[in-house]
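As provided, model36.txt (compact mmCIF, C-alpha atoms) reads as follows.
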```txt
# COMPACT_ATOMS: atom_id res chain seq x y z
CA MET P 914 104.41 94.96 76.76
CA SER P 915 101.54 93.56 78.75
CA ALA P 916 98.48 92.32 76.87
CA ALA P 917 96.16 94.49 78.96
CA ALA P 918 98.00 97.67 77.92
CA GLY P 919 97.23 97.05 74.23
CA ALA P 920 93.65 95.94 74.81
CA ARG P 921 90.90 98.11 73.35
CA PRO P 922 87.75 98.59 75.45
CA TYR P 923 84.66 96.58 74.53
CA GLY P 924 82.32 98.00 71.90
CA SER P 925 78.82 99.37 72.36
CA PRO P 926 76.47 96.64 73.64
CA TYR P 927 73.72 98.07 71.41
CA LEU P 928 75.88 97.72 68.28
CA ALA P 929 76.93 94.21 69.35
CA GLY P 930 73.28 93.35 70.00
CA PHE P 931 72.30 94.70 66.57
CA GLY P 932 75.01 92.50 65.03
CA VAL P 933 73.76 89.42 66.91
CA GLY P 934 70.20 90.30 65.86
CA MET P 935 71.18 90.50 62.18
CA VAL P 936 72.95 87.12 62.46
CA LEU P 937 69.81 85.67 64.06
CA LEU P 938 67.61 87.19 61.32
CA LEU P 939 69.93 85.72 58.66
CA ALA P 940 69.56 82.31 60.35
CA PHE P 941 65.76 82.66 60.16
CA VAL P 942 65.83 83.70 56.48
CA VAL P 943 68.53 81.32 55.25
CA MET P 944 67.93 78.29 57.49
CA GLY P 945 64.41 78.61 58.87
CA ARG P 946 65.82 78.15 62.37
CA GLY P 947 67.50 80.26 65.03
CA LEU P 948 70.82 80.04 66.88
CA GLY P 949 71.64 77.54 69.61
CA ALA P 950 74.36 76.39 72.00
CA SER P 951 73.25 73.72 74.47
CA GLY P 952 72.19 71.39 71.62
CA GLY P 953 75.83 71.26 70.51
CA TYR P 954 76.86 70.02 73.95
CA SER P 955 74.16 67.33 73.71
CA SER P 956 75.63 66.10 70.41
CA VAL P 957 79.13 65.94 71.91
CA VAL P 958 77.93 64.04 75.02
CA ALA P 959 75.84 61.59 72.96
CA THR P 960 78.78 60.96 70.61
CA GLY P 961 81.08 60.34 73.58
CA VAL P 962 78.69 57.94 75.34
CA ALA P 963 78.06 56.07 72.06
CA ALA P 964 81.83 55.61 71.63
CA VAL P 965 82.35 54.29 75.19
CA ALA P 966 79.09 52.41 75.77
CA PRO P 967 77.18 51.96 72.48
CA GLU P 968 74.45 49.74 73.96
CA ARG P 969 73.78 52.19 76.77
CA ALA P 970 73.50 55.05 74.26
CA ALA P 971 71.15 53.12 71.99
CA ALA P 972 68.84 52.21 74.89
CA ASN P 973 68.36 55.82 76.09
CA PRO P 974 66.23 58.15 73.92
CA ALA P 975 68.10 61.16 75.35
CA TYR P 976 71.17 59.99 73.40
CA ALA P 977 69.44 58.28 70.49
CA GLY P 978 67.82 61.54 69.39
CA TYR P 979 71.24 63.12 68.85
CA LEU P 980 72.81 60.03 67.26
CA GLY P 981 70.33 59.80 64.39
CA ASP P 982 69.95 56.76 62.15
CA GLY P 983 73.70 56.30 61.61
CA THR P 984 73.77 57.68 58.05
CA VAL P 985 75.26 61.04 59.16
CA HIS P 986 77.98 61.37 61.82
CA PRO P 987 76.35 62.90 64.95
CA LEU P 988 78.97 65.68 65.07
CA LYS P 989 78.05 66.76 61.52
CA ASP P 990 75.32 68.76 63.21
CA TRP P 991 74.20 72.34 62.59
CA VAL P 992 74.64 73.58 66.18
CA VAL P 993 78.03 71.83 66.58
CA PHE P 994 79.33 73.70 63.51
CA GLU P 995 77.71 76.93 64.70
CA LEU P 996 79.48 76.58 68.08
CA LEU P 997 82.81 75.95 66.33
CA GLY P 998 82.13 79.23 64.52
CA VAL P 999 81.31 81.02 67.80
CA THR P 1000 84.64 79.84 69.22
CA LEU P 1001 86.50 81.02 66.10
CA GLY P 1002 84.64 84.37 65.96
CA GLY P 1003 85.38 85.08 69.63
CA LEU P 1004 89.07 84.34 69.05
CA LEU P 1005 89.25 86.60 65.95
CA SER P 1006 87.52 89.51 67.68
CA ALA P 1007 89.72 89.17 70.79
CA LEU P 1008 92.91 89.03 68.67
CA VAL P 1009 91.93 92.02 66.51
CA ALA P 1010 91.11 94.10 69.61
CA GLY P 1011 94.18 92.97 71.56
CA ARG P 1012 91.98 91.38 74.22
CA PHE P 1013 93.35 87.83 73.99
CA ARG P 1014 94.99 86.92 77.31
CA VAL P 1015 95.43 83.56 79.05
CA MET P 1016 93.97 84.12 82.50
CA VAL P 1017 91.41 83.02 85.08
CA GLU P 1018 88.83 85.78 85.31
CA ARG P 1019 87.58 86.12 88.88
CA GLY P 1020 86.72 88.58 91.65
CA GLU P 1021 89.35 89.70 94.17
CA GLY P 1022 87.79 87.71 97.02
CA ILE P 1023 88.47 84.16 95.77
CA THR P 1024 91.34 82.02 94.48
CA ASP P 1025 91.82 80.81 90.89
CA ARG P 1026 91.03 77.28 92.03
CA ARG P 1027 87.75 78.35 93.67
CA ARG P 1028 86.76 80.28 90.52
CA LEU P 1029 87.43 77.26 88.28
CA LEU P 1030 85.37 75.02 90.60
CA ASN P 1031 82.52 77.55 90.60
CA ALA P 1032 82.63 77.75 86.79
CA LEU P 1033 82.50 73.95 86.66
CA GLY P 1034 79.55 73.86 89.09
CA GLY P 1035 77.74 76.72 87.36
CA GLY P 1036 78.25 74.98 84.02
CA ALA P 1037 76.83 71.73 85.40
CA LEU P 1038 73.71 73.53 86.71
CA MET P 1039 73.27 75.29 83.36
CA GLY P 1040 73.75 72.02 81.47
CA LEU P 1041 71.02 70.43 83.57
CA GLY P 1042 68.74 73.49 83.41
CA ALA P 1043 69.16 73.93 79.65
CA LYS P 1044 68.31 70.28 79.05
CA VAL P 1045 65.16 70.48 81.19
CA ALA P 1046 64.13 73.74 79.49
CA ARG P 1047 65.09 72.40 76.01
CA GLY P 1048 67.45 75.29 75.36
CA CYS P 1049 69.63 78.00 76.85
CA THR P 1050 70.29 81.70 76.42
CA SER P 1051 70.79 81.15 72.67
CA GLY P 1052 68.04 78.70 71.75
CA GLN P 1053 65.40 79.95 74.20
CA ALA P 1054 66.11 83.56 75.22
CA LEU P 1055 67.52 84.83 71.91
CA THR P 1056 65.81 82.67 69.28
CA GLY P 1057 62.54 81.89 71.07
CA GLY P 1058 62.40 85.45 72.40
CA ALA P 1059 62.56 86.92 68.87
CA LEU P 1060 60.00 84.36 67.62
CA LEU P 1061 57.68 85.31 70.52
CA SER P 1062 57.52 81.73 71.85
CA ALA P 1063 55.51 81.78 75.09
CA GLY P 1064 57.71 79.11 76.72
CA SER P 1065 60.87 81.00 75.77
CA TRP P 1066 59.61 84.17 77.47
CA LEU P 1067 58.77 82.06 80.54
CA PHE P 1068 62.37 80.75 80.43
CA ILE P 1069 63.74 84.33 80.23
CA LEU P 1070 61.68 85.43 83.27
CA ALA P 1071 62.58 82.30 85.27
CA ALA P 1072 66.31 82.49 84.49
CA PHE P 1073 66.63 86.23 85.22
CA GLY P 1074 64.43 85.88 88.34
CA ALA P 1075 66.52 83.02 89.72
CA GLY P 1076 69.70 84.89 88.81
CA TYR P 1077 68.66 87.95 90.81
CA ALA P 1078 67.45 85.77 93.72
CA ALA P 1079 70.71 83.80 93.86
CA ALA P 1080 73.04 86.78 93.25
CA PRO P 1081 73.48 87.77 96.96
CA LEU P 1082 74.71 84.23 97.72
CA PHE P 1083 77.58 84.59 95.24
CA ARG P 1084 78.39 88.29 95.76
CA ARG P 1085 81.76 87.58 97.42
CA GLN P 1086 83.18 85.64 94.47
CA TRP P 1087 82.57 88.54 92.08
CA SER P 1088 83.52 91.55 94.25
CA MET M 141 72.59 77.55 41.75
CA ALA M 142 72.43 79.75 38.63
CA ALA M 143 69.42 77.81 37.36
CA SER M 144 67.49 78.20 40.59
CA ALA M 145 67.72 82.00 40.73
CA PRO M 146 65.15 82.75 37.98
CA ALA M 147 62.81 80.18 39.54
CA ALA M 148 63.01 82.00 42.87
CA VAL M 149 62.13 85.28 41.17
CA LEU M 150 59.14 83.61 39.50
CA GLN M 151 58.04 82.29 42.90
CA VAL M 152 57.94 85.83 44.29
CA ALA M 153 55.89 86.91 41.29
CA ALA M 154 53.50 84.05 41.95
CA GLY M 155 53.20 85.13 45.58
CA VAL M 156 55.08 82.24 47.19
CA PRO M 157 57.77 83.42 49.63
CA PRO M 158 61.24 82.17 48.54
CA ALA M 159 62.64 81.97 52.08
CA PRO M 160 63.66 80.30 54.40
CA LEU M 161 66.07 79.15 51.69
CA TYR M 162 67.03 75.83 53.36
CA GLU M 163 63.39 74.95 54.00
CA THR M 164 62.44 75.73 50.40
CA GLY M 165 65.21 73.42 49.15
CA ALA M 166 67.79 75.96 47.93
CA PHE M 167 70.71 73.93 49.37
CA GLY M 168 71.44 70.70 51.25
CA HIS M 169 72.83 69.45 54.58
CA GLU M 170 76.56 69.78 53.77
CA ALA M 171 76.15 73.38 52.63
CA SER M 172 74.05 74.13 55.72
CA LEU M 173 77.08 73.24 57.88
CA VAL M 174 79.14 75.90 56.05
CA VAL M 175 76.32 78.38 56.77
CA ALA M 176 76.41 77.28 60.45
CA LEU M 177 80.16 77.91 60.65
CA LEU M 178 79.84 81.37 59.03
CA LEU M 179 76.84 82.50 61.10
CA GLY M 180 78.49 81.11 64.26
CA THR M 181 81.69 83.04 63.54
CA ALA M 182 79.74 86.30 63.21
CA PHE M 183 77.76 85.43 66.38
CA GLY M 184 80.96 84.83 68.37
CA TRP M 185 82.55 88.00 66.95
CA PHE M 186 79.66 90.19 68.12
CA LEU M 187 79.42 88.46 71.54
CA GLU M 188 83.12 89.21 72.13
CA ARG M 189 82.67 92.83 70.90
CA GLY M 190 79.85 93.31 73.41
CA GLY M 191 82.01 92.02 76.27
CA LEU M 192 79.96 88.89 76.90
CA GLY M 193 83.07 86.67 76.85
CA SER M 194 83.98 88.27 80.18
CA ALA M 195 82.37 86.65 83.22
CA ARG M 196 82.81 89.67 85.51
CA LYS M 197 81.18 91.97 82.96
CA LEU M 198 78.36 89.48 82.37
CA VAL M 199 77.41 89.05 86.05
CA GLY M 200 77.30 92.84 86.47
CA GLN M 201 73.73 92.35 85.21
CA PHE M 202 72.81 90.71 88.52
CA TYR M 203 74.59 93.25 90.76
CA GLY M 204 73.25 96.37 89.03
CA THR M 205 76.68 97.53 87.82
CA ASP M 206 76.68 96.60 84.11
CA PHE M 207 73.63 95.82 81.97
CA ALA M 208 75.48 94.59 78.85
CA VAL M 209 73.60 91.25 78.97
CA PHE M 210 70.20 92.92 78.87
CA LYS M 211 71.28 95.42 76.21
CA VAL M 212 72.84 92.83 73.86
CA LEU M 213 70.04 90.28 74.35
CA PHE M 214 67.14 92.68 73.90
CA THR M 215 68.71 94.66 71.04
CA ALA M 216 69.22 91.33 69.25
CA VAL M 217 65.70 90.08 70.03
CA VAL M 218 64.09 93.32 68.80
CA THR M 219 66.28 93.47 65.66
CA ALA M 220 65.53 89.88 64.60
CA MET M 221 61.86 90.16 65.61
CA LEU M 222 61.24 93.37 63.61
CA GLY M 223 63.25 92.01 60.66
CA LEU M 224 61.27 88.79 60.45
CA PHE M 225 57.98 90.63 61.00
CA TRP M 226 58.56 93.05 58.09
CA LEU M 227 60.14 90.46 55.74
CA SER M 228 57.07 88.28 56.32
CA ARG M 229 54.77 91.24 55.69
CA ALA M 230 56.63 91.93 52.43
CA GLY M 231 56.00 88.33 51.35
CA LEU M 232 59.72 87.47 51.22
CA VAL M 233 59.77 84.95 54.09
CA ASP M 234 57.19 82.36 55.08
CA PRO M 235 57.21 82.72 58.90
CA TYR M 236 55.44 79.39 59.29
CA LEU M 237 58.56 77.62 57.98
CA VAL M 238 60.72 79.13 60.76
CA TYR M 239 60.92 76.67 63.66
CA VAL M 240 59.37 78.13 66.82
CA PRO M 241 60.65 76.49 70.06
CA ARG M 242 57.82 74.41 71.54
CA THR M 243 56.36 75.36 74.90
CA TYR M 244 56.42 72.95 77.86
CA VAL M 245 55.31 75.16 80.77
CA LEU M 246 56.65 73.37 83.88
CA PRO M 247 59.91 72.05 82.36
CA GLN M 248 60.76 75.51 81.03
CA LEU M 249 59.95 77.14 84.36
CA ALA M 250 62.01 74.60 86.34
CA GLY M 251 64.85 74.54 83.79
CA GLY M 252 64.96 78.34 83.69
CA LEU M 253 65.25 78.56 87.50
CA VAL M 254 68.14 76.05 87.64
CA PHE M 255 69.79 77.75 84.66
CA GLY M 256 69.61 81.21 86.30
CA VAL M 257 71.36 80.00 89.47
CA GLY M 258 74.06 78.34 87.34
CA LEU M 259 74.48 81.54 85.34
CA VAL M 260 75.33 83.67 88.39
CA LEU M 261 77.57 80.96 89.89
CA GLY M 262 79.39 80.29 86.60
CA GLY M 263 79.31 83.82 85.19
CA LEU M 264 79.01 82.74 81.53
CA CYS M 265 76.37 81.00 79.44
CA PRO M 266 76.79 77.94 77.21
CA GLY M 267 77.52 80.06 74.12
CA THR M 268 79.59 82.84 75.70
CA SER M 269 81.78 80.27 77.51
CA CYS M 270 83.12 79.28 74.06
CA VAL M 271 84.02 82.95 73.44
CA ALA M 272 85.60 83.22 76.91
CA ALA M 273 87.65 80.06 76.31
CA SER M 274 88.88 81.09 72.86
CA SER M 275 89.88 84.55 74.13
CA GLY M 276 92.15 82.83 76.67
CA ARG M 277 89.98 82.54 79.77
CA LEU M 278 90.48 79.25 81.58
CA ASP M 279 87.24 79.73 83.56
CA GLY M 280 85.47 79.51 80.18
CA LEU M 281 87.05 76.09 79.62
CA ALA M 282 85.99 74.97 83.12
CA LEU M 283 82.44 76.08 82.39
CA ILE M 284 82.38 74.09 79.13
CA ALA M 285 83.50 71.00 81.08
CA GLY M 286 80.73 71.66 83.62
CA MET M 287 78.14 71.97 80.85
CA LEU M 288 79.17 68.58 79.45
CA LEU M 289 78.84 67.05 82.95
CA GLY M 290 75.41 68.62 83.48
CA VAL M 291 74.15 67.39 80.11
CA LEU M 292 75.53 63.90 80.84
CA ALA M 293 73.79 63.88 84.25
CA PHE M 294 70.48 64.87 82.63
CA ASP M 295 70.81 62.28 79.88
CA GLU M 296 71.58 59.55 82.41
CA MET M 297 68.53 60.57 84.49
CA TYR M 298 66.32 60.98 81.40
CA PRO M 299 64.33 57.74 81.74
CA ALA M 300 63.20 58.88 85.22
CA LEU M 301 62.49 62.44 84.02
CA ALA M 302 60.74 61.58 80.74
CA ALA M 303 57.19 61.90 82.12
CA PHE M 304 57.95 65.36 83.58
CA MET M 305 59.73 66.45 80.39
CA ASP M 306 56.65 65.68 78.29
CA SER M 307 54.21 67.32 80.73
CA THR M 308 52.35 70.64 80.26
CA PHE M 309 52.98 70.63 76.49
CA ALA M 310 51.41 73.62 74.71
CA GLY M 311 52.82 73.20 71.18
CA ALA M 312 54.30 76.09 69.20
CA LEU M 313 52.46 78.56 71.44
CA THR M 314 53.36 82.19 70.75
CA LEU M 315 52.61 85.27 72.83
CA PRO M 316 50.10 86.56 70.21
CA ALA M 317 48.29 83.19 70.21
CA TRP M 318 48.32 83.00 74.02
CA THR M 319 47.08 86.56 74.61
CA GLY M 320 44.80 86.76 71.55
CA LEU M 321 46.49 90.04 70.53
CA PRO M 322 47.54 90.71 66.90
CA VAL M 323 51.20 89.87 66.11
CA GLY M 324 51.89 93.52 65.29
CA ALA M 325 50.65 94.65 68.70
CA VAL M 326 52.90 92.17 70.54
CA VAL M 327 55.90 93.15 68.36
CA PHE M 328 55.21 96.80 69.20
CA GLY M 329 54.83 95.97 72.92
CA VAL M 330 58.10 94.00 73.12
CA THR M 331 59.91 96.86 71.34
CA CYS M 332 58.51 99.38 73.87
CA VAL M 333 59.48 97.17 76.83
CA ALA M 334 63.03 96.86 75.44
CA LEU M 335 63.37 100.63 74.90
CA ALA M 336 62.07 101.32 78.44
CA GLY M 337 64.54 98.73 79.75
CA PHE M 338 67.44 100.42 77.93
CA ALA M 339 66.48 103.80 79.42
CA LEU M 340 66.29 102.28 82.92
CA ALA M 341 69.62 100.46 82.45
CA GLU M 342 71.36 103.71 81.41
CA ARG M 343 69.99 105.51 84.48
CA LEU M 344 71.04 102.70 86.85
CA GLU M 345 74.56 102.54 85.35
CA ALA M 346 74.94 106.34 85.65
CA LYS M 347 74.12 106.18 89.40
CA PRO M 348 77.23 106.94 91.52
```
Show the structure stored in the file as structure tokens.
Amino acid sequence: MSAAAGARPYGSPYLAGFGVGMVLLLAFVVMGRGLGASGGYSSVVATGVAAVAPERAAANPAYAGYLGDGTVHPLKDWVVFELLGVTLGGLLSALVAGRFRVMVERGEGITDRRRLLNALGGGALMGLGAKVARGCTSGQALTGGALLSAGSWLFILAAFGAGYAAAPLFRRQWS
Amino acid sequence: MAASAPAAVLQVAAGVPPAPLYETGAFGHEASLVVALLLGTAFGWFLERGGLGSARKLVGQFYGTDFAVFKVLFTAVVTAMLGLFWLSRAGLVDPYLVYVPRTYVLPQLAGGLVFGVGLVLGGLCPGTSCVAASSGRLDGLALIAGMLLGVLAFDEMYPALAAFMDSTFAGALTLPAWTGLPVGAVVFGVTCVALAGFALAERLEAKP
């Protein structure tokens, strides 16, 4: 039996969005903060650099901010644990719905290798962009959007605008 | 925990909002990590349900074929926004204890532009790539590796970028504060924009 044959279709995006919204509201009420993602990557990178080159990490405020004062391990961080949860939740939902499948998801027009390189390059651009903007789709668009942060709404407009402007350049890899 | 419950009830009676619970000292750092894991699990579950762990479905947003990104994002924004607005009105949450992302105009404009190009090239965002990876997609793993490289590149360049990063700072500026409109009016406006967007998205998707 192929995995695709047993896979259930995705659920309603409105119901999924309502679920995400309730999780975000719970984060506001319980924690006094929203959800994030890119901050978790920052903690991982800072921890890695501190392990390989501790003096270099200590001298750069971009790392020092995520390393703290040394009393708490830098990976014992709220967003790192939240991202571990996201990974686990995605796995559980995919397993329950029969959607788990090892694959490279790509358009018909490109090879697996090209798709993986594009994902790597897209990830690098997003890593850079999220750091400059101080957040990504989770910390800015979702959290800042719901909290009506002016800068977060600017981020939403800029990211969607650039996405639409760049889309024709990448049409072939998705068709 | 049992001892703190009556105190919280008394606080409501005295007119002091009992939440956010972490900010009002209901539990500590270690327990907050358990909360993070639980909330994250629910977050990932709903992202996968909505199809956002699939790069091809996600980029449909930018080719006019599938507006799941807009629908999930704006339903979530409106849900959390209305929830916090009414819980604050009811005196149950102190909205001033919820951390509002600070506004830095030029960095957020520039970062958003770079991020948007990366989103269409990569097809997943930093959070949904974790869902993609854990549901078996190797392109999700590649995107996570790219994110780590991008963050490392920024961190290494940080000393040169620090002046730009701190420029055009506007504090915890909100849309109501910026426009001078009441919070309720902006909440109503955002809800209307989302509903109009949903109607437009349904029409565009129904197009042959």
Residues at most 8 Å from Gly952 in chain P, counting only C-alpha atoms, excluding those fewer than 2 positions away in the same chain, as a PyMOL selection string?
-> chain P and resi 949-950+954-956+992-993+1048
Rank M:Leu198, M:Leu259, M:Val240, M:Val175 by their smallest atom-to-atom distance to Ala1032 in chain P, using all atoms listed in the file, and report the top residue only.
->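 When distances to Ala1032 in chain P are compared using all atoms listed in the file, the smallest one comes from M:Leu259.
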Test item: residues at most 6 Å from Leu1029 in chain P, only C-alpha atoms, excluding those fewer than 2 positions along its chain, as a ChimeraX atom specification = /P:1026-1027,1031-1032 /M:279,282
Residue among M:Pro158, M:Gly258, M:Gly168, M:Gly231 lying closest to chain P, counting all atoms listed in the file |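 Closest to chain P of all the choices is M:Gly258.
Our summary of the geometry notes that CA of Arg1019 in chain P is positioned 18.8 Å from CA of Met1039 in chain P.
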Please indicate the distance in Å from CA of Leu224 in chain M to CA of Met935 in chain P, rounded to one decimal place.
-> 10.2 Å
Selection as a PDB file with C-alpha atoms, keeping the file's coordinate frame: residues within 12 Å of (58.9, 86.6, 71.4), counting only C-alpha atoms:
```pdb
ATOM      1  CA  GLN P1053      65.400  79.950  74.200  1.00  0.00           C
ATOM      2  CA  ALA P1054      66.110  83.560  75.220  1.00  0.00           C
ATOM      3  CA  LEU P1055      67.520  84.830  71.910  1.00  0.00           C
ATOM      4  CA  THR P1056      65.810  82.670  69.280  1.00  0.00           C
ATOM      5  CA  GLY P1057      62.540  81.890  71.070  1.00  0.00           C
ATOM      6  CA  GLY P1058      62.400  85.450  72.400  1.00  0.00           C
ATOM      7  CA  ALA P1059      62.560  86.920  68.870  1.00  0.00           C
ATOM      8  CA  LEU P1060      60.000  84.360  67.620  1.00  0.00           C
ATOM      9  CA  LEU P1061      57.680  85.310  70.520  1.00  0.00           C
ATOM     10  CA  SER P1062      57.520  81.730  71.850  1.00  0.00           C
ATOM     11  CA  ALA P1063      55.510  81.780  75.090  1.00  0.00           C
ATOM     12  CA  GLY P1064      57.710  79.110  76.720  1.00  0.00           C
ATOM     13  CA  SER P1065      60.870  81.000  75.770  1.00  0.00           C
ATOM     14  CA  TRP P1066      59.610  84.170  77.470  1.00  0.00           C
ATOM     15  CA  LEU P1067      58.770  82.060  80.540  1.00  0.00           C
ATOM     16  CA  PHE P1068      62.370  80.750  80.430  1.00  0.00           C
ATOM     17  CA  ILE P1069      63.740  84.330  80.230  1.00  0.00           C
TER      18      ILE P1069
ATOM     19  CA  PHE M 214      67.140  92.680  73.900  1.00  0.00           C
ATOM     20  CA  ALA M 216      69.220  91.330  69.250  1.00  0.00           C
ATOM     21  CA  VAL M 217      65.700  90.080  70.030  1.00  0.00           C
ATOM     22  CA  VAL M 218      64.090  93.320  68.800  1.00  0.00           C
ATOM     23  CA  THR M 219      66.280  93.470  65.660  1.00  0.00           C
ATOM     24  CA  ALA M 220      65.530  89.880  64.600  1.00  0.00           C
ATOM     25  CA  MET M 221      61.860  90.160  65.610  1.00  0.00           C
ATOM     26  CA  LEU M 222      61.240  93.370  63.610  1.00  0.00           C
ATOM     27  CA  LEU M 224      61.270  88.790  60.450  1.00  0.00           C
ATOM     28  CA  PHE M 225      57.980  90.630  61.000  1.00  0.00           C
ATOM     29  CA  VAL M 240      59.370  78.130  66.820  1.00  0.00           C
ATOM     30  CA  PRO M 241      60.650  76.490  70.060  1.00  0.00           C
ATOM     31  CA  ALA M 312      54.300  76.090  69.200  1.00  0.00           C
ATOM     32  CA  LEU M 313      52.460  78.560  71.440  1.00  0.00           C
ATOM     33  CA  THR M 314      53.360  82.190  70.750  1.00  0.00           C
ATOM     34  CA  LEU M 315      52.610  85.270  72.830  1.00  0.00           C
ATOM     35  CA  PRO M 316      50.100  86.560  70.210  1.00  0.00           C
ATOM     36  CA  ALA M 317      48.290  83.190  70.210  1.00  0.00           C
ATOM     37  CA  TRP M 318      48.320  83.000  74.020  1.00  0.00           C
ATOM     38  CA  VAL M 323      51.200  89.870  66.110  1.00  0.00           C
ATOM     39  CA  GLY M 324      51.890  93.520  65.290  1.00  0.00           C
ATOM     40  CA  ALA M 325      50.650  94.650  68.700  1.00  0.00           C
ATOM     41  CA  VAL M 326      52.900  92.170  70.540  1.00  0.00           C
ATOM     42  CA  VAL M 327      55.900  93.150  68.360  1.00  0.00           C
ATOM     43  CA  PHE M 328      55.210  96.800  69.200  1.00  0.00           C
ATOM     44  CA  GLY M 329      54.830  95.970  72.920  1.00  0.00           C
ATOM     45  CA  VAL M 330      58.100  94.000  73.120  1.00  0.00           C
ATOM     46  CA  THR M 331      59.910  96.860  71.340  1.00  0.00           C
ATOM     47  CA  VAL M 333      59.480  97.170  76.830  1.00  0.00           C
ATOM     48  CA  ALA M 334      63.030  96.860  75.440  1.00  0.00           C
TER      49      ALA M 334
END
```
Give the answer as one residue: which of M:Leu246, M:Val212, M:Met305, M:Val271 has the shortest atom-to-atom distance to Gly190 in chain M, using all atoms listed in the file?
->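 Ranked by minimum distance to Gly190 in chain M, first place goes to M:Val212.
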Residue nearest chain M among P:Gly947, P:Pro922, P:Pro1081, P:Gly1035 (counting all atoms listed in the file) | P:Gly1035
Spatial neighbours of Ala972 in chain P, 12 Å, only C-alpha atoms, chain gap at least 6 places, as a PyMOL selection string | (chain P and resi 959+962-963+966+978+980) or (chain M and resi 295-296+298-299)
Polymer residues at most 10 Å from Val209 in chain M, all atoms listed in the file, same-chain spacing of 5 or more positions, as a PyMOL selection string = (chain P and resi 926+930) or (chain M and resi 187+190-192+197-202+214-215)
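You will find CA of Ala341 in chain M at 17.3 Å from CA of Arg196 in chain M.
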Quick one: residues within 8 Å of Gly1003 in chain P, only C-alpha atoms counted, chain neighbours fewer than 4 positions away excluded, as a ChimeraX atom specification?
-> /P:999,1007 /M:181,184-188,193,270-272,274-275
Preceding selection exported with C-alpha atoms as a PDB file, in the coordinates of the input:
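Wrote out_10.pdb, looks like this:
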```
ATOM      1  CA  VAL P 999      81.310  81.020  67.800  1.00  0.00           C
ATOM      2  CA  ALA P1007      89.720  89.170  70.790  1.00  0.00           C
TER       3      ALA P1007
ATOM      4  CA  THR M 181      81.690  83.040  63.540  1.00  0.00           C
ATOM      5  CA  GLY M 184      80.960  84.830  68.370  1.00  0.00           C
ATOM      6  CA  TRP M 185      82.550  88.000  66.950  1.00  0.00           C
ATOM      7  CA  PHE M 186      79.660  90.190  68.120  1.00  0.00           C
ATOM      8  CA  LEU M 187      79.420  88.460  71.540  1.00  0.00           C
ATOM      9  CA  GLU M 188      83.120  89.210  72.130  1.00  0.00           C
ATOM     10  CA  GLY M 193      83.070  86.670  76.850  1.00  0.00           C
ATOM     11  CA  CYS M 270      83.120  79.280  74.060  1.00  0.00           C
ATOM     12  CA  VAL M 271      84.020  82.950  73.440  1.00  0.00           C
ATOM     13  CA  ALA M 272      85.600  83.220  76.910  1.00  0.00           C
ATOM     14  CA  SER M 274      88.880  81.090  72.860  1.00  0.00           C
ATOM     15  CA  SER M 275      89.880  84.550  74.130  1.00  0.00           C
TER      16      SER M 275
END
```
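Using all atoms listed in the file, the nearest neighbour of Pro235 in chain M within the list M:Gly320, M:Gly223, M:Gly280, M:Gly204 is M:Gly223.
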Please determine the residues with any atom at most 8 Å from (63.7, 87.9, 56.3) (coordinates as given in the file, with all atoms listed in the file counting) and report them as a PyMOL selection string.
-> (chain P and resi 938-939+941-942) or (chain M and resi 159-160+223-228+232-233)
Kindly indicate which residue among P:Val1009, P:Gly1074, P:Thr984, P:Gly945 lies nearest to chain M, using only C-alpha atoms for the distances.
->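 Checking each candidate against chain M, we get P:Gly945 as the closest.
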Taking all atoms of range 183-190 of chain M that appear in the file, build a box with edges along x, y and z, extend it by 3 Å on every side, and state its centre and edge lengths in Å to one decimal, as lines of an AutoDock Vina configuration file.
```
center_x = 80.4
center_y = 89.1
center_z = 69.9
size_x = 11.4
size_y = 14.5
size_z = 13.0
```
From the block you just saw, export range 269-288 of chain M: C-alpha atoms, as a PDB file, in the first residue's frame.
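Done, and the output landed in result-v1.pdb:
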```pdb
ATOM      1  CA  SER M 269       9.881  23.890   7.758  1.00  0.00           C
ATOM      2  CA  CYS M 270       9.962  22.002  11.095  1.00  0.00           C
ATOM      3  CA  VAL M 271       6.509  20.569  10.283  1.00  0.00           C
ATOM      4  CA  ALA M 272       7.625  19.706   6.734  1.00  0.00           C
ATOM      5  CA  ALA M 273      10.753  17.963   8.056  1.00  0.00           C
ATOM      6  CA  SER M 274       8.928  15.943  10.712  1.00  0.00           C
ATOM      7  CA  SER M 275       6.286  14.827   8.202  1.00  0.00           C
ATOM      8  CA  GLY M 276       9.086  13.330   6.091  1.00  0.00           C
ATOM      9  CA  ARG M 277       9.945  16.109   3.642  1.00  0.00           C
ATOM     10  CA  LEU M 278      13.664  16.380   3.015  1.00  0.00           C
ATOM     11  CA  ASP M 279      13.262  19.874   1.509  1.00  0.00           C
ATOM     12  CA  GLY M 280      12.086  20.933   4.984  1.00  0.00           C
ATOM     13  CA  LEU M 281      15.384  19.686   6.425  1.00  0.00           C
ATOM     14  CA  ALA M 282      17.343  21.559   3.731  1.00  0.00           C
ATOM     15  CA  LEU M 283      15.438  24.736   4.565  1.00  0.00           C
ATOM     16  CA  ILE M 284      16.261  24.360   8.273  1.00  0.00           C
ATOM     17  CA  ALA M 285      19.952  24.033   7.353  1.00  0.00           C
ATOM     18  CA  GLY M 286      19.643  27.168   5.189  1.00  0.00           C
ATOM     19  CA  MET M 287      18.016  29.086   8.053  1.00  0.00           C
ATOM     20  CA  LEU M 288      20.927  28.201  10.349  1.00  0.00           C
TER      21      LEU M 288
END
```
